[in-house]
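Text of the file final.txt, holding compact mmCIF, N, CA and C atoms:
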```txt
# COMPACT_ATOMS: atom_id res chain seq x y z
N MET A 1 83.42 81.75 92.73
CA MET A 1 83.20 81.81 91.30
C MET A 1 84.40 81.17 90.59
N THR A 2 84.14 80.56 89.48
CA THR A 2 85.21 79.91 88.72
C THR A 2 85.77 80.87 87.68
N MET A 3 86.88 80.48 87.13
CA MET A 3 87.52 81.30 86.10
C MET A 3 86.72 81.21 84.80
N THR A 4 86.69 82.33 84.10
CA THR A 4 86.06 82.40 82.79
C THR A 4 87.15 82.67 81.77
N ARG A 5 87.10 81.95 80.66
CA ARG A 5 88.08 82.17 79.58
C ARG A 5 87.55 83.27 78.67
N PHE A 6 88.36 84.31 78.51
CA PHE A 6 87.98 85.43 77.65
C PHE A 6 88.87 85.47 76.42
N THR A 7 88.33 86.02 75.35
CA THR A 7 89.09 86.34 74.15
C THR A 7 88.83 87.81 73.86
N GLU A 8 89.54 88.34 72.89
CA GLU A 8 89.29 89.73 72.49
C GLU A 8 87.81 89.91 72.11
N ALA A 9 87.25 88.92 71.42
CA ALA A 9 85.86 89.01 70.95
C ALA A 9 84.84 88.88 72.07
N THR A 10 85.18 88.15 73.14
CA THR A 10 84.20 87.93 74.21
C THR A 10 84.41 88.83 75.42
N TRP A 11 85.41 89.71 75.35
CA TRP A 11 85.69 90.60 76.48
C TRP A 11 84.47 91.48 76.75
N PRO A 12 83.94 91.51 77.99
CA PRO A 12 82.75 92.30 78.30
C PRO A 12 83.07 93.77 78.60
N ALA A 13 83.36 94.52 77.54
CA ALA A 13 83.78 95.91 77.69
C ALA A 13 82.71 96.77 78.39
N GLY A 14 81.45 96.42 78.23
CA GLY A 14 80.41 97.17 78.91
C GLY A 14 80.42 96.96 80.42
N ARG A 15 80.82 95.78 80.84
CA ARG A 15 80.87 95.46 82.27
C ARG A 15 82.11 96.05 82.93
N TRP A 16 83.23 96.01 82.22
CA TRP A 16 84.50 96.53 82.74
C TRP A 16 85.06 97.55 81.75
N PRO A 17 84.42 98.70 81.64
CA PRO A 17 84.77 99.65 80.58
C PRO A 17 86.16 100.28 80.69
N ASN A 18 86.78 100.19 81.85
CA ASN A 18 88.09 100.83 82.02
C ASN A 18 89.25 99.87 81.86
N PHE A 19 88.96 98.65 81.43
CA PHE A 19 90.02 97.65 81.27
C PHE A 19 89.84 96.93 79.95
N SER A 20 90.95 96.52 79.36
CA SER A 20 90.90 95.83 78.07
C SER A 20 91.41 94.40 78.20
N PHE A 21 90.98 93.59 77.26
CA PHE A 21 91.45 92.20 77.20
C PHE A 21 92.98 92.17 77.17
N SER A 22 93.58 93.02 76.33
CA SER A 22 95.02 92.96 76.14
C SER A 22 95.81 93.28 77.40
N GLU A 23 95.29 94.13 78.28
CA GLU A 23 96.05 94.45 79.49
C GLU A 23 95.90 93.38 80.57
N LEU A 24 94.86 92.54 80.48
CA LEU A 24 94.64 91.49 81.49
C LEU A 24 95.13 90.12 81.03
N ALA A 25 95.31 89.92 79.74
CA ALA A 25 95.74 88.63 79.20
C ALA A 25 97.20 88.35 79.57
N CYS A 26 97.54 87.07 79.64
CA CYS A 26 98.92 86.65 79.93
C CYS A 26 99.87 87.24 78.89
N ARG A 27 100.92 87.87 79.36
CA ARG A 27 101.88 88.52 78.46
C ARG A 27 102.70 87.52 77.64
N GLU A 28 102.77 86.26 78.10
CA GLU A 28 103.58 85.27 77.40
C GLU A 28 102.76 84.32 76.54
N THR A 29 101.53 84.01 76.92
CA THR A 29 100.73 83.04 76.15
C THR A 29 99.53 83.67 75.45
N GLY A 30 99.11 84.85 75.89
CA GLY A 30 97.93 85.49 75.31
C GLY A 30 96.62 84.98 75.87
N GLU A 31 96.67 83.97 76.75
CA GLU A 31 95.46 83.45 77.36
C GLU A 31 94.91 84.45 78.37
N CYS A 32 93.61 84.36 78.63
CA CYS A 32 93.01 85.24 79.62
C CYS A 32 91.89 84.48 80.34
N LEU A 33 92.22 83.95 81.51
CA LEU A 33 91.26 83.27 82.36
C LEU A 33 91.17 84.05 83.66
N LEU A 34 90.02 84.59 83.94
CA LEU A 34 89.87 85.46 85.11
C LEU A 34 88.64 85.09 85.92
N ASP A 35 88.75 85.29 87.20
CA ASP A 35 87.59 85.21 88.08
C ASP A 35 86.84 86.53 87.89
N GLU A 36 85.58 86.45 87.53
CA GLU A 36 84.81 87.67 87.27
C GLU A 36 84.68 88.55 88.50
N THR A 37 84.70 87.96 89.69
CA THR A 37 84.64 88.75 90.92
C THR A 37 85.85 89.67 91.02
N LEU A 38 87.02 89.17 90.62
CA LEU A 38 88.23 90.00 90.61
C LEU A 38 88.00 91.26 89.79
N MET A 39 87.48 91.07 88.59
CA MET A 39 87.29 92.21 87.70
C MET A 39 86.20 93.16 88.19
N ASP A 40 85.14 92.62 88.79
CA ASP A 40 84.10 93.49 89.35
C ASP A 40 84.68 94.35 90.47
N CYS A 41 85.49 93.74 91.34
CA CYS A 41 86.14 94.50 92.42
C CYS A 41 87.08 95.55 91.85
N LEU A 42 87.87 95.16 90.84
CA LEU A 42 88.83 96.08 90.23
C LEU A 42 88.11 97.25 89.56
N GLN A 43 87.01 96.99 88.89
CA GLN A 43 86.25 98.08 88.25
C GLN A 43 85.72 99.05 89.30
N ARG A 44 85.25 98.54 90.44
CA ARG A 44 84.77 99.43 91.51
C ARG A 44 85.90 100.30 92.06
N VAL A 45 87.09 99.72 92.20
CA VAL A 45 88.24 100.51 92.65
C VAL A 45 88.53 101.60 91.63
N ARG A 46 88.53 101.24 90.35
CA ARG A 46 88.81 102.20 89.28
C ARG A 46 87.82 103.37 89.29
N VAL A 47 86.55 103.08 89.49
CA VAL A 47 85.53 104.13 89.52
C VAL A 47 85.82 105.13 90.64
N GLN A 48 86.32 104.63 91.76
CA GLN A 48 86.55 105.50 92.91
C GLN A 48 87.87 106.27 92.86
N VAL A 49 88.93 105.64 92.36
CA VAL A 49 90.25 106.29 92.44
C VAL A 49 90.78 106.84 91.12
N GLY A 50 90.11 106.56 90.03
CA GLY A 50 90.58 107.05 88.74
C GLY A 50 91.43 106.02 88.02
N PRO A 51 92.10 106.45 86.95
CA PRO A 51 92.84 105.53 86.10
C PRO A 51 93.81 104.62 86.85
N LEU A 52 93.87 103.37 86.40
CA LEU A 52 94.78 102.36 86.95
C LEU A 52 95.54 101.72 85.80
N THR A 53 96.81 101.47 86.02
CA THR A 53 97.63 100.78 85.02
C THR A 53 97.92 99.37 85.52
N VAL A 54 97.37 98.38 84.82
CA VAL A 54 97.61 96.99 85.16
C VAL A 54 98.95 96.57 84.55
N THR A 55 99.88 96.15 85.40
CA THR A 55 101.17 95.69 84.89
C THR A 55 101.24 94.18 84.77
N SER A 56 100.35 93.48 85.49
CA SER A 56 100.27 92.03 85.37
C SER A 56 98.87 91.59 85.78
N GLY A 57 98.21 90.89 84.87
CA GLY A 57 96.89 90.35 85.14
C GLY A 57 96.99 88.84 85.23
N TYR A 58 96.28 88.15 84.34
CA TYR A 58 96.35 86.69 84.32
C TYR A 58 97.74 86.26 83.87
N ARG A 59 98.27 85.23 84.55
CA ARG A 59 99.52 84.60 84.12
C ARG A 59 99.26 83.11 84.01
N SER A 60 99.43 82.60 82.84
CA SER A 60 99.28 81.17 82.60
C SER A 60 100.22 80.40 83.52
N PRO A 61 99.86 79.18 83.93
CA PRO A 61 100.80 78.35 84.69
C PRO A 61 102.11 78.11 83.93
N GLN A 62 102.11 78.31 82.60
CA GLN A 62 103.33 78.17 81.80
C GLN A 62 104.15 79.46 81.73
N HIS A 63 103.63 80.56 82.27
CA HIS A 63 104.36 81.84 82.29
C HIS A 63 105.65 81.64 83.08
N SER A 64 106.73 82.26 82.65
CA SER A 64 108.05 82.06 83.27
C SER A 64 108.04 82.38 84.77
N VAL A 65 107.30 83.37 85.21
CA VAL A 65 107.23 83.70 86.64
C VAL A 65 106.55 82.57 87.42
N GLU A 66 105.49 82.00 86.84
CA GLU A 66 104.75 80.94 87.52
C GLU A 66 105.53 79.63 87.52
N VAL A 67 106.20 79.32 86.44
CA VAL A 67 106.99 78.09 86.34
C VAL A 67 108.10 78.07 87.39
N ALA A 68 108.63 79.24 87.73
CA ALA A 68 109.73 79.33 88.70
C ALA A 68 109.26 79.08 90.13
N LYS A 69 107.97 79.05 90.38
CA LYS A 69 107.43 78.86 91.72
C LYS A 69 107.23 77.37 92.02
N LEU A 70 107.11 77.05 93.30
CA LEU A 70 106.81 75.67 93.68
C LEU A 70 105.44 75.25 93.18
N ARG A 71 104.50 76.19 93.18
CA ARG A 71 103.16 75.96 92.63
C ARG A 71 102.66 77.29 92.09
N PRO A 72 101.82 77.25 91.05
CA PRO A 72 101.32 78.50 90.50
C PRO A 72 100.61 79.35 91.56
N GLY A 73 100.71 80.67 91.41
CA GLY A 73 100.15 81.59 92.41
C GLY A 73 98.80 82.15 92.03
N SER A 74 98.43 83.23 92.70
CA SER A 74 97.10 83.81 92.55
C SER A 74 96.85 84.40 91.16
N HIS A 75 97.89 84.86 90.46
CA HIS A 75 97.70 85.34 89.09
C HIS A 75 97.29 84.19 88.18
N ALA A 76 97.87 83.01 88.38
CA ALA A 76 97.55 81.84 87.56
C ALA A 76 96.16 81.29 87.90
N MET A 77 95.64 81.68 89.04
CA MET A 77 94.27 81.30 89.41
C MET A 77 93.25 82.29 88.86
N GLY A 78 93.72 83.36 88.21
CA GLY A 78 92.83 84.37 87.67
C GLY A 78 92.23 85.26 88.74
N LYS A 79 92.91 85.34 89.89
CA LYS A 79 92.38 86.08 91.03
C LYS A 79 93.27 87.21 91.49
N ALA A 80 94.20 87.68 90.64
CA ALA A 80 95.13 88.73 91.08
C ALA A 80 95.52 89.65 89.93
N VAL A 81 95.85 90.87 90.30
CA VAL A 81 96.40 91.86 89.38
C VAL A 81 97.49 92.64 90.11
N ASP A 82 98.42 93.17 89.34
CA ASP A 82 99.39 94.12 89.86
C ASP A 82 99.08 95.47 89.21
N ILE A 83 99.09 96.51 90.03
CA ILE A 83 98.75 97.86 89.59
C ILE A 83 99.96 98.77 89.81
N ALA A 84 100.41 99.45 88.77
CA ALA A 84 101.50 100.42 88.90
C ALA A 84 100.98 101.65 89.63
N CYS A 85 101.57 101.97 90.77
CA CYS A 85 101.19 103.18 91.50
C CYS A 85 102.18 103.41 92.62
N ALA A 86 102.23 104.66 93.07
CA ALA A 86 103.16 105.05 94.12
C ALA A 86 102.57 106.19 94.93
N GLY A 87 103.13 106.39 96.11
CA GLY A 87 102.78 107.52 96.95
C GLY A 87 101.31 107.59 97.32
N ARG A 88 100.73 108.78 97.17
CA ARG A 88 99.34 109.00 97.55
C ARG A 88 98.38 108.10 96.75
N LYS A 89 98.66 107.91 95.48
CA LYS A 89 97.80 107.05 94.65
C LYS A 89 97.83 105.61 95.19
N ALA A 90 98.99 105.12 95.58
CA ALA A 90 99.09 103.78 96.14
C ALA A 90 98.25 103.67 97.41
N TYR A 91 98.31 104.69 98.24
CA TYR A 91 97.51 104.71 99.46
C TYR A 91 96.02 104.67 99.13
N GLU A 92 95.59 105.47 98.17
CA GLU A 92 94.18 105.51 97.77
C GLU A 92 93.73 104.17 97.19
N VAL A 93 94.56 103.57 96.35
CA VAL A 93 94.22 102.28 95.76
C VAL A 93 94.11 101.22 96.86
N LEU A 94 95.08 101.19 97.75
CA LEU A 94 95.07 100.19 98.83
C LEU A 94 93.84 100.35 99.73
N ALA A 95 93.57 101.56 100.17
CA ALA A 95 92.42 101.80 101.05
C ALA A 95 91.11 101.42 100.36
N THR A 96 90.97 101.76 99.11
CA THR A 96 89.75 101.44 98.37
C THR A 96 89.65 99.94 98.10
N ALA A 97 90.76 99.31 97.77
CA ALA A 97 90.76 97.87 97.51
C ALA A 97 90.32 97.08 98.74
N ILE A 98 90.73 97.51 99.90
CA ILE A 98 90.30 96.86 101.15
C ILE A 98 88.78 96.96 101.26
N GLU A 99 88.23 98.15 101.02
CA GLU A 99 86.79 98.36 101.11
C GLU A 99 86.02 97.56 100.06
N GLU A 100 86.62 97.32 98.90
CA GLU A 100 85.91 96.68 97.79
C GLU A 100 86.05 95.16 97.74
N GLY A 101 86.66 94.56 98.75
CA GLY A 101 86.65 93.11 98.82
C GLY A 101 87.94 92.38 98.50
N PHE A 102 89.00 93.10 98.17
CA PHE A 102 90.27 92.40 97.96
C PHE A 102 90.76 91.87 99.30
N THR A 103 91.52 90.78 99.25
CA THR A 103 91.97 90.11 100.49
C THR A 103 93.48 89.96 100.60
N GLY A 104 94.19 90.07 99.48
CA GLY A 104 95.64 89.95 99.48
C GLY A 104 96.26 91.20 98.92
N PHE A 105 97.27 91.73 99.65
CA PHE A 105 97.87 93.00 99.28
C PHE A 105 99.39 92.91 99.37
N GLY A 106 100.04 92.93 98.23
CA GLY A 106 101.49 92.96 98.19
C GLY A 106 101.93 94.37 97.86
N VAL A 107 102.87 94.90 98.63
CA VAL A 107 103.27 96.29 98.49
C VAL A 107 104.74 96.36 98.10
N ASP A 108 105.01 96.96 96.94
CA ASP A 108 106.37 97.24 96.52
C ASP A 108 106.44 98.72 96.20
N GLN A 109 107.02 99.50 97.11
CA GLN A 109 107.07 100.94 96.96
C GLN A 109 108.51 101.44 97.01
N LYS A 110 109.42 100.66 96.44
CA LYS A 110 110.81 101.08 96.36
C LYS A 110 111.26 101.01 94.90
N GLY A 111 112.21 101.83 94.56
CA GLY A 111 112.73 101.83 93.19
C GLY A 111 111.78 102.48 92.20
N GLU A 112 112.03 102.22 90.93
CA GLU A 112 111.27 102.87 89.87
C GLU A 112 109.99 102.14 89.50
N LYS A 113 109.90 100.85 89.69
CA LYS A 113 108.72 100.07 89.29
C LYS A 113 107.85 99.76 90.51
N ARG A 114 107.26 100.77 91.08
CA ARG A 114 106.44 100.61 92.28
C ARG A 114 105.06 100.10 91.89
N PHE A 115 104.53 99.18 92.71
CA PHE A 115 103.23 98.61 92.39
C PHE A 115 102.56 98.06 93.64
N LEU A 116 101.29 97.74 93.47
CA LEU A 116 100.51 97.01 94.47
C LEU A 116 99.98 95.75 93.82
N HIS A 117 100.12 94.64 94.51
CA HIS A 117 99.48 93.38 94.11
C HIS A 117 98.14 93.35 94.85
N LEU A 118 97.07 93.04 94.13
CA LEU A 118 95.74 92.90 94.73
C LEU A 118 95.18 91.56 94.33
N ASP A 119 94.66 90.80 95.31
CA ASP A 119 94.02 89.53 94.96
C ASP A 119 92.76 89.31 95.78
N ILE A 120 91.99 88.31 95.35
CA ILE A 120 90.73 87.98 96.01
C ILE A 120 90.73 86.54 96.52
N ILE A 121 91.89 86.04 96.92
CA ILE A 121 91.99 84.69 97.47
C ILE A 121 91.17 84.63 98.76
N THR A 122 90.47 83.51 98.95
CA THR A 122 89.70 83.30 100.18
C THR A 122 90.12 81.98 100.81
N ASP A 123 89.60 81.70 101.99
CA ASP A 123 89.89 80.44 102.66
C ASP A 123 89.37 79.24 101.87
N GLU A 124 88.42 79.46 100.96
CA GLU A 124 87.89 78.38 100.14
C GLU A 124 88.83 77.96 99.02
N ASP A 125 89.78 78.82 98.67
CA ASP A 125 90.74 78.49 97.62
C ASP A 125 91.83 77.60 98.20
N ASP A 126 92.32 76.70 97.39
CA ASP A 126 93.44 75.85 97.81
C ASP A 126 94.71 76.68 97.63
N PHE A 127 95.03 77.47 98.66
CA PHE A 127 96.15 78.40 98.56
C PHE A 127 96.95 78.32 99.85
N PRO A 128 98.27 78.36 99.76
CA PRO A 128 99.11 78.15 100.95
C PRO A 128 99.18 79.32 101.93
N ALA A 129 98.73 80.50 101.54
CA ALA A 129 98.80 81.66 102.44
C ALA A 129 97.40 82.10 102.83
N ALA A 130 97.18 82.28 104.13
CA ALA A 130 95.87 82.69 104.62
C ALA A 130 95.52 84.09 104.16
N ARG A 131 94.26 84.38 104.16
CA ARG A 131 93.76 85.72 103.84
C ARG A 131 92.77 86.12 104.90
N PRO A 132 92.64 87.42 105.21
CA PRO A 132 93.35 88.53 104.58
C PRO A 132 94.82 88.57 104.98
N MET A 133 95.63 89.18 104.11
CA MET A 133 97.07 89.23 104.29
C MET A 133 97.65 90.44 103.55
N ILE A 134 98.64 91.05 104.19
CA ILE A 134 99.40 92.12 103.53
C ILE A 134 100.88 91.79 103.70
N TRP A 135 101.65 92.03 102.66
CA TRP A 135 103.09 91.75 102.70
C TRP A 135 103.83 92.78 101.87
N SER A 136 105.13 92.85 102.07
CA SER A 136 105.96 93.73 101.23
C SER A 136 106.95 92.88 100.46
N TYR A 137 107.39 93.42 99.34
CA TYR A 137 108.36 92.72 98.49
C TYR A 137 109.75 93.23 98.79
```

Using structure tokens, write down the structure from this file.
Amino acid sequence: MTMTRFTEATWPAGRWPNFSFSELACRETGECLLDETLMDCLQRVRVQVGPLTVTSGYRSPQHSVEVAKLRPGSHAMGKAVDIACAGRKAYEVLATAIEEGFTGFGVDQKGEKRFLHLDIITDEDDFPAARPMIWSY
């Protein structure tokens, strides 16, 4: 599936009732281009595990984090989110995300800002890291 450009007015709140445009839009540019499959998978995880806090959704290729990379990553492809969670909740999110079709899992469970990166990159995407894959930060 290709990325869809969303605005506050076109955000499908009925389809993804537990997430808002503002939490998924790029924090630096305000743009929001997402793969709808990502959001469908994320909504299914939310239904099963309860509230989720998205700390990073779409990141424009002009976002400072993406500009610092050799090439834009999965967030800039509209295929990734970072979820704030720790301990048992992180375990539940990870286990459910695997079942719901996510393929990339970044785990940062140290310090105060603990999170999980979840993405839906596949072999069909022009991406330098194979999937499925799990890594730690």

Exercise for the section: Rounded to one decimal place, report the atom C of Leu24 of chain A-atom N of Ala95 of chain A distance in Å. Expected result: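 These two atoms are separated by 22.4 Å.
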
For segment 95-117 of chain A against segment 37-42 of chain A, with a cut-off of 8 Å and counting only C-alpha atoms, what is the closest atom pair and its distance in Å to one decimal for every residue that makes the cut, ordered by chain and number, as a Markdown table?
```
| residue | atom | partner | partner_atom | distance |
| --- | --- | --- | --- | --- |
| A:Ala97 | CA | A:Cys41 | CA | 7.7 |
| A:Glu100 | CA | A:Cys41 | CA | 5.8 |
| A:Gly101 | CA | A:Cys41 | CA | 6.6 |
| A:Phe102 | CA | A:Cys41 | CA | 7.2 |
```

Exercise for the section: Could you give me the residues within segment 4-124 of chain A that DSSP places in helix (DSSP H, G or I), as a VMD selection string? Expected result: chain A and resid 21 to 24 36 to 49 64 to 67 87 to 99

Exercise for the section: Work out how far atom CA of Thr4 of chain A is from atom CA of Thr29 of chain A, in Å to one decimal. Expected result: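 Separating atom CA of Thr29 of chain A from atom CA of Thr4 of chain A is a distance of 16.1 Å.
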
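You can rank A:Gly78, A:Gly87, A:Pro128, A:Gly106 by their closest distance to Cys32 of chain A using only N, CA and C atoms, and at the top of that list sits A:Gly78.
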
Practice task
Using only C-alpha atoms, determine which residues lie at most 10 Å from Trp11 of chain A, disregarding the query and same-chain residues fewer than 6 positions distant; provide the list as an NGL selection string.
Solution key: :A and (5 or 17 or 19-22 or 32)

Exercise for the section: Enumerate as an MDAnalysis selection string all residues of chain A assigned to strand (DSSP E) by DSSP on the backbone, naming them with the chain letters and numbers the document uses. Expected result: chainID A and resid 3:5 33:35 53:56 80:84 104:108 115:119 133:136

Practice task
Measuring atom to atom with only N, CA and C atoms, identify which of A:Thr2, A:Gln62, A:Gln48, A:Asn18 is nearest to Glu36 of chain A.
Solution key: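 Distance minimum relative to Glu36 of chain A lands on A:Thr2.
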
Practice task
Could you tell me which of A:Ala68, A:Val107, A:Leu33, A:Ile98 comes closest to Tyr137 of chain A if we count all atoms listed in the file?
Solution key: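 The closest residue to Tyr137 of chain A is A:Val107.
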
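Each of A:Ile120, A:Leu94, A:Ala86, A:Val47 was compared to Ser74 of chain A using only N, CA and C atoms, and A:Ile120 turns out to be the nearest.
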
Practice task
Go through A:Thr122, A:Thr7, A:Thr53, A:Thr103 one by one, measure the shortest atom-to-atom distance of each to Cys85 of chain A using only N, CA and C atoms, and give the residue with the smallest value.
Solution key: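 Checking each candidate against Cys85 of chain A, we get A:Thr53 as the closest.
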
Sel. within 5 Å of pt (99.5, 88.6, 83.8), counting all atoms listed in the file, output as a short mmCIF file (atom, residue, chain, number, x, y, z; two decimals) with N, CA and C atoms, keeping the file's coordinate frame:
```cif
data_model
loop_
_atom_site.label_atom_id
_atom_site.label_comp_id
_atom_site.auth_asym_id
_atom_site.auth_seq_id
_atom_site.Cartn_x
_atom_site.Cartn_y
_atom_site.Cartn_z
N ALA A 25 95.31 89.92 79.74
CA ALA A 25 95.74 88.63 79.20
C ALA A 25 97.20 88.35 79.57
N CYS A 26 97.54 87.07 79.64
CA CYS A 26 98.92 86.65 79.93
C CYS A 26 99.87 87.24 78.89
N ARG A 27 100.92 87.87 79.36
CA ARG A 27 101.88 88.52 78.46
C ARG A 27 102.70 87.52 77.64
N SER A 56 100.35 93.48 85.49
CA SER A 56 100.27 92.03 85.37
C SER A 56 98.87 91.59 85.78
N GLY A 57 98.21 90.89 84.87
CA GLY A 57 96.89 90.35 85.14
C GLY A 57 96.99 88.84 85.23
N TYR A 58 96.28 88.15 84.34
CA TYR A 58 96.35 86.69 84.32
C TYR A 58 97.74 86.26 83.87
N ARG A 59 98.27 85.23 84.55
CA ARG A 59 99.52 84.60 84.12
C ARG A 59 99.26 83.11 84.01
#
```

Practice task
May I ask which of the residues A:Phe6, A:Lys110, A:Gly104, A:Ser60 is the closest one to Ala130 of chain A, counting all atoms listed in the file?
Solution key: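 Using all atoms listed in the file, the shortest distance to Ala130 of chain A belongs to A:Gly104.
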